[in-house]
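This is data39.cif. It holds mmCIF, C-alpha atoms.
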```
data_data
loop_
_atom_site.label_atom_id
_atom_site.label_comp_id
_atom_site.auth_asym_id
_atom_site.auth_seq_id
_atom_site.Cartn_x
_atom_site.Cartn_y
_atom_site.Cartn_z
CA MET R 1 4.12 11.47 11.52
CA MET R 2 1.49 10.96 8.82
CA LYS R 3 3.27 7.86 7.52
CA GLU R 4 3.26 6.42 11.03
CA LEU R 5 -0.49 6.89 11.31
CA GLU R 6 -0.99 5.33 7.87
CA LYS R 7 0.86 2.24 9.12
CA ILE R 8 -1.35 2.09 12.20
CA ILE R 9 -4.58 2.32 10.20
CA ASP R 10 -3.14 0.05 7.49
CA TYR R 11 -4.10 2.45 4.72
CA GLU R 12 -2.02 4.81 2.59
CA PHE R 13 -3.79 7.96 1.46
CA LYS R 14 -3.61 9.06 -2.13
CA ASP R 15 -4.64 12.58 -1.03
CA LYS R 16 -2.42 13.48 1.95
CA GLU R 17 -4.21 16.79 2.41
CA LEU R 18 -7.41 14.90 3.13
CA LEU R 19 -5.69 13.06 5.95
CA LYS R 20 -4.28 16.32 7.33
CA ARG R 21 -7.75 17.88 7.29
CA ALA R 22 -9.16 14.92 9.21
CA LEU R 23 -6.63 15.59 11.96
CA SER R 24 -7.08 19.39 12.03
CA HIS R 25 -9.08 20.61 15.01
CA THR R 26 -10.90 23.95 14.84
CA SER R 27 -8.52 25.45 17.40
CA TYR R 28 -5.55 24.73 15.11
CA CYS R 29 -7.22 26.26 12.05
CA ASN R 30 -8.16 29.37 13.99
CA GLU R 31 -4.53 29.89 14.97
CA VAL R 32 -2.77 29.25 11.67
CA LYS R 33 -5.31 31.31 9.67
CA ASN R 34 -3.97 30.25 6.29
CA GLY R 35 -7.18 28.88 4.88
CA ALA R 36 -6.74 25.54 6.63
CA GLN R 37 -9.98 23.59 6.94
CA SER R 38 -10.96 21.92 10.21
CA ASN R 39 -12.23 18.35 10.43
CA GLU R 40 -15.80 19.41 11.31
CA ARG R 41 -17.30 18.71 7.88
CA LEU R 42 -15.51 15.37 7.67
CA GLU R 43 -16.81 14.53 11.12
CA PHE R 44 -20.35 15.17 9.85
CA LEU R 45 -19.86 12.75 6.97
CA GLY R 46 -18.02 10.21 9.10
CA ASP R 47 -20.90 10.06 11.55
CA SER R 48 -23.25 8.94 8.75
CA VAL R 49 -20.77 6.50 7.19
CA LEU R 50 -20.13 4.92 10.58
CA SER R 51 -23.83 4.58 11.34
CA VAL R 52 -24.52 2.85 8.01
CA ILE R 53 -21.62 0.41 8.39
CA VAL R 54 -22.52 -0.50 11.97
CA ALA R 55 -26.24 -0.80 11.19
CA GLU R 56 -25.61 -3.06 8.21
CA TYR R 57 -23.23 -5.31 10.13
CA ILE R 58 -25.49 -5.90 13.13
CA PHE R 59 -28.55 -6.22 10.86
CA GLU R 60 -26.86 -9.09 9.01
CA GLN R 61 -25.21 -10.72 12.03
CA TYR R 62 -28.11 -10.59 14.49
CA LYS R 63 -31.11 -11.66 12.45
CA ASN R 64 -33.25 -12.47 15.49
CA LEU R 65 -32.78 -9.17 17.30
CA PRO R 66 -35.82 -6.85 17.13
CA GLU R 67 -35.48 -3.25 15.98
CA GLY R 68 -35.32 -1.88 19.52
CA GLU R 69 -32.39 -4.11 20.48
CA LEU R 70 -30.56 -3.33 17.23
CA THR R 71 -30.93 0.37 18.01
CA LYS R 72 -29.48 -0.11 21.52
CA LEU R 73 -26.55 -2.10 20.17
CA ARG R 74 -25.77 0.46 17.47
CA ALA R 75 -25.97 3.28 20.02
CA SER R 76 -23.50 1.50 22.30
CA LEU R 77 -21.03 1.17 19.43
CA VAL R 78 -21.20 4.70 18.00
CA CYS R 79 -21.41 6.68 21.24
CA GLU R 80 -18.67 9.12 22.22
CA LYS R 81 -17.28 6.76 24.86
CA SER R 82 -16.78 3.89 22.39
CA LEU R 83 -15.37 6.09 19.64
CA SER R 84 -12.86 7.72 21.97
CA VAL R 85 -11.68 4.26 23.01
CA PHE R 86 -11.28 3.29 19.35
CA ALA R 87 -9.32 6.51 18.75
CA LYS R 88 -7.00 5.74 21.66
CA LYS R 89 -6.28 2.31 20.20
CA LEU R 90 -5.05 4.16 17.10
CA GLU R 91 -3.11 6.59 19.33
CA LEU R 92 -4.96 9.27 17.38
CA GLY R 93 -4.28 11.92 20.01
CA ARG R 94 -0.58 11.94 19.07
CA PHE R 95 -1.40 12.94 15.51
CA LEU R 96 -4.04 15.61 16.09
CA LEU R 97 -3.32 19.18 15.02
CA LEU R 98 -4.51 21.33 17.92
CA GLY R 99 -4.23 24.98 18.84
CA LYS R 100 -1.71 25.79 21.61
CA GLY R 101 -4.40 26.43 24.19
CA GLU R 102 -6.32 23.27 23.36
CA SER R 103 -3.13 21.24 23.40
CA GLN R 104 -2.05 22.63 26.78
CA ASN R 105 -5.49 21.86 28.23
CA GLY R 106 -5.25 18.18 27.34
CA GLY R 107 -7.27 18.30 24.12
CA ALA R 108 -5.41 15.30 22.73
CA GLU R 109 -6.95 13.15 25.47
CA ARG R 110 -10.42 14.70 25.53
CA PRO R 111 -13.05 12.04 24.63
CA SER R 112 -15.19 14.42 22.54
CA ILE R 113 -12.21 15.54 20.42
CA LEU R 114 -10.97 11.97 19.97
CA ALA R 115 -14.43 10.71 19.01
CA ASP R 116 -14.85 13.51 16.47
CA ALA R 117 -11.41 12.79 15.03
CA PHE R 118 -12.21 9.11 14.66
CA GLU R 119 -15.29 10.00 12.61
CA ALA R 120 -13.36 12.55 10.55
CA LEU R 121 -10.62 10.03 9.80
CA LEU R 122 -13.22 7.48 8.75
CA ALA R 123 -14.78 9.99 6.37
CA ALA R 124 -11.38 10.80 4.89
CA MET R 125 -10.68 7.10 4.32
CA TYR R 126 -14.10 6.74 2.70
CA LEU R 127 -13.54 9.68 0.35
CA ASP R 128 -10.01 8.62 -0.51
CA GLY R 129 -10.47 4.87 -0.85
CA GLY R 130 -14.18 4.09 -1.04
CA MET R 131 -16.67 2.23 1.08
CA GLU R 132 -14.74 -1.05 1.24
CA VAL R 133 -11.82 0.72 2.91
CA ALA R 134 -14.18 2.36 5.39
CA ILE R 135 -15.95 -0.93 6.15
CA ARG R 136 -12.68 -2.76 6.78
CA HIS R 137 -11.55 0.02 9.14
CA VAL R 138 -14.77 0.04 11.16
CA HIS R 139 -15.04 -3.74 11.38
CA ARG R 140 -11.63 -4.04 13.02
CA PHE R 141 -13.08 -2.15 15.99
CA ILE R 142 -16.74 -3.12 16.24
CA ILE R 143 -16.41 -6.88 15.74
CA PRO R 144 -14.16 -7.41 18.79
CA GLU R 145 -16.30 -4.93 20.74
CA ILE R 146 -19.53 -6.81 19.98
CA LYS R 147 -17.92 -10.07 21.04
CA ASN R 148 -16.88 -8.41 24.28
CA HIS R 149 -19.06 -9.59 27.15
CA THR R 150 -19.67 -6.10 28.50
CA VAL R 151 -21.23 -4.84 25.28
CA LYS R 152 -23.50 -7.86 25.04
CA GLU R 153 -24.76 -7.20 28.54
CA ALA R 154 -25.33 -3.54 27.66
CA PHE R 155 -27.86 -4.25 24.93
CA HIS R 156 -29.40 -7.56 26.00
CA ASP R 157 -32.44 -6.99 28.22
CA TYR R 158 -32.59 -10.16 30.33
CA LYS R 159 -35.22 -8.66 32.65
CA THR R 160 -37.71 -8.22 29.83
CA GLN R 161 -36.97 -11.72 28.52
CA LEU R 162 -37.61 -13.22 31.98
CA GLN R 163 -40.72 -11.10 32.53
CA GLU R 164 -42.23 -12.22 29.22
CA ILE R 165 -41.82 -15.86 30.25
CA ILE R 166 -43.18 -15.44 33.78
CA GLN R 167 -46.20 -13.33 32.81
CA ARG R 168 -47.63 -16.20 30.82
CA ASN R 169 -48.96 -17.38 34.18
CA ARG R 170 -50.69 -14.45 35.86
CA GLU R 171 -50.52 -16.11 39.29
CA GLU R 172 -46.73 -15.85 39.33
CA GLU R 173 -45.14 -12.79 40.96
CA LEU R 174 -41.63 -11.68 40.05
CA VAL R 175 -39.74 -9.15 42.22
CA TYR R 176 -36.18 -7.86 42.48
CA VAL R 177 -34.76 -7.34 45.95
CA LEU R 178 -31.56 -5.52 46.88
CA VAL R 179 -29.95 -7.80 49.48
CA HIS R 180 -26.48 -6.33 49.86
CA GLU R 181 -24.34 -3.32 49.01
CA GLU R 182 -20.76 -2.54 49.90
CA GLY R 183 -17.86 -0.24 49.12
CA PRO R 184 -17.39 3.56 49.10
CA ASP R 185 -19.90 5.77 47.29
CA HIS R 186 -17.74 6.11 44.17
CA GLU R 187 -17.16 2.35 43.91
CA LYS R 188 -20.22 0.62 45.34
CA SER R 189 -21.18 -2.96 44.57
CA PHE R 190 -24.83 -4.09 44.65
CA THR R 191 -26.22 -7.61 44.99
CA VAL R 192 -29.78 -8.25 43.87
CA GLU R 193 -31.97 -11.34 44.07
CA VAL R 194 -34.82 -12.02 41.67
CA ARG R 195 -37.61 -13.88 43.44
CA LEU R 196 -40.52 -15.84 42.03
CA ASN R 197 -43.30 -16.16 44.59
CA SER R 198 -40.70 -15.47 47.34
CA ASN R 199 -38.32 -18.14 46.02
CA VAL R 200 -34.89 -16.93 44.90
CA ILE R 201 -34.34 -17.96 41.27
CA GLY R 202 -31.32 -15.79 40.45
CA THR R 203 -28.67 -13.53 41.98
CA GLY R 204 -26.57 -10.81 40.41
CA THR R 205 -23.81 -8.44 41.56
CA ALA R 206 -22.71 -5.29 39.73
CA ARG R 207 -21.68 -1.64 40.15
CA SER R 208 -25.25 -0.47 39.60
CA LYS R 209 -28.60 -1.78 40.84
CA LYS R 210 -29.99 -1.93 37.30
CA GLN R 211 -27.08 -4.01 36.01
CA ALA R 212 -27.26 -6.28 39.08
CA GLU R 213 -30.94 -6.89 38.26
CA GLN R 214 -29.98 -7.78 34.69
CA TYR R 215 -27.38 -10.28 35.94
CA ALA R 216 -29.91 -11.80 38.34
CA ALA R 217 -32.44 -12.21 35.51
CA LYS R 218 -29.73 -13.75 33.31
CA GLN R 219 -28.87 -16.30 35.98
CA ALA R 220 -32.56 -17.15 36.40
CA LEU R 221 -32.89 -17.76 32.65
CA GLU R 222 -29.78 -19.95 32.69
CA LEU R 223 -31.08 -21.99 35.64
CA MET R 224 -34.34 -22.45 33.73
CA GLY R 225 -32.32 -23.90 30.86
CA LEU R 226 -33.20 -21.07 28.46
CA PRO R 227 -30.79 -19.58 25.89
CA VAL R 228 -29.30 -16.18 26.84
#
```
Please lay out the structure from this file as structure tokens.
Amino acid sequence: MMKELEKIIDYEFKDKELLKRALSHTSYCNEVKNGAQSNERLEFLGDSVLSVIVAEYIFEQYKNLPEGELTKLRASLVCEKSLSVFAKKLELGRFLLLGKGESQNGGAERPSILADAFEALLAAMYLDGGMEVAIRHVHRFIIPEIKNHTVKEAFHDYKTQLQEIIQRNREEELVYVLVHEEGPDHEKSFTVEVRLNSNVIGTGTARSKKQAEQYAAKQALELMGLPV
């Protein structure tokens, strides 16, 4: 099993016990009671290693982004949701050492456990192979994710960009108007228009009003011939 995971992560551990510890959940260690160490301490270290790698990458790649936008982008990449998705791409749940109860309750699919395991594995790779190994591992996940359209939308504030342009002329009034919504409560779709002095300059549709407003602002910027 360990060899299979090593193939997936494209790294062979010199210290196999370090890899085992990275996969050992607290529930497993509490059951075996043979001095086994859980992955909690590795998770702590992995959180810091991940943050440094992500921060350095986006700092170098997005030289025009202000500090606030860099912070939003980093947060979107290191949050539990993103890390659990990364862990699933590695099929990490199959390799986790869980207690019987945790395993029966679906622990191998729980986002919080998967996210913690991803950080613990990263820390183990860092300790076993150094920072270059850790960087290569993280980059294989965050680079495609940053290029993904959804992530870009998550951290780019088109509304603020549009507002800063419009407010140069105090006589101009910019408003967002919800013009349509459809679908059941759990799957609603909202359409918003952004209007400049009552004239529609952009329209956006999304699953939330806030995101629909962002799309409307983006379309307005595009129609104005501005880079987005």
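Among the candidate residues R:Val133, R:Asp116, R:Ile142, R:Glu182, the one lying nearest to R:Ala75 is R:Ile142, with distances computed using only C-alpha atoms.
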Near R:Leu50, counting all atoms listed in the file, which residues have an atom at most 12 Å away, once you skip same-chain residues fewer than 3 positions from it, shown as a PyMOL selection string?
chain R and resi 42-47+53-57+74-75+77-79+83+115-116+118-126+131+134-139+141-142
Output of the PyMOL selection byres ((chain R and resi 26) around 10), listed as a list in words:
Leu23, Ser24, His25, Ser27, Tyr28, Cys29, Asn30, Glu31, Ala36, Gln37, Ser38, Asn39, Glu40, Leu97, Leu98, Gly99 and Glu102 of chain R
How many Å lie between atom CA of R:Lys188 and atom CA of R:Thr205, rounded to one decimal?
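According to the coordinates, atom CA of R:Lys188 and atom CA of R:Thr205 are separated by 10.5 Å.
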Can you translate the PyMOL selection byres ((chain R and resi 70) around 12) into the concrete residues it hits in this file, as a ChimeraX atom specification?
/R:51,54-69,71-77,146,152,154-157
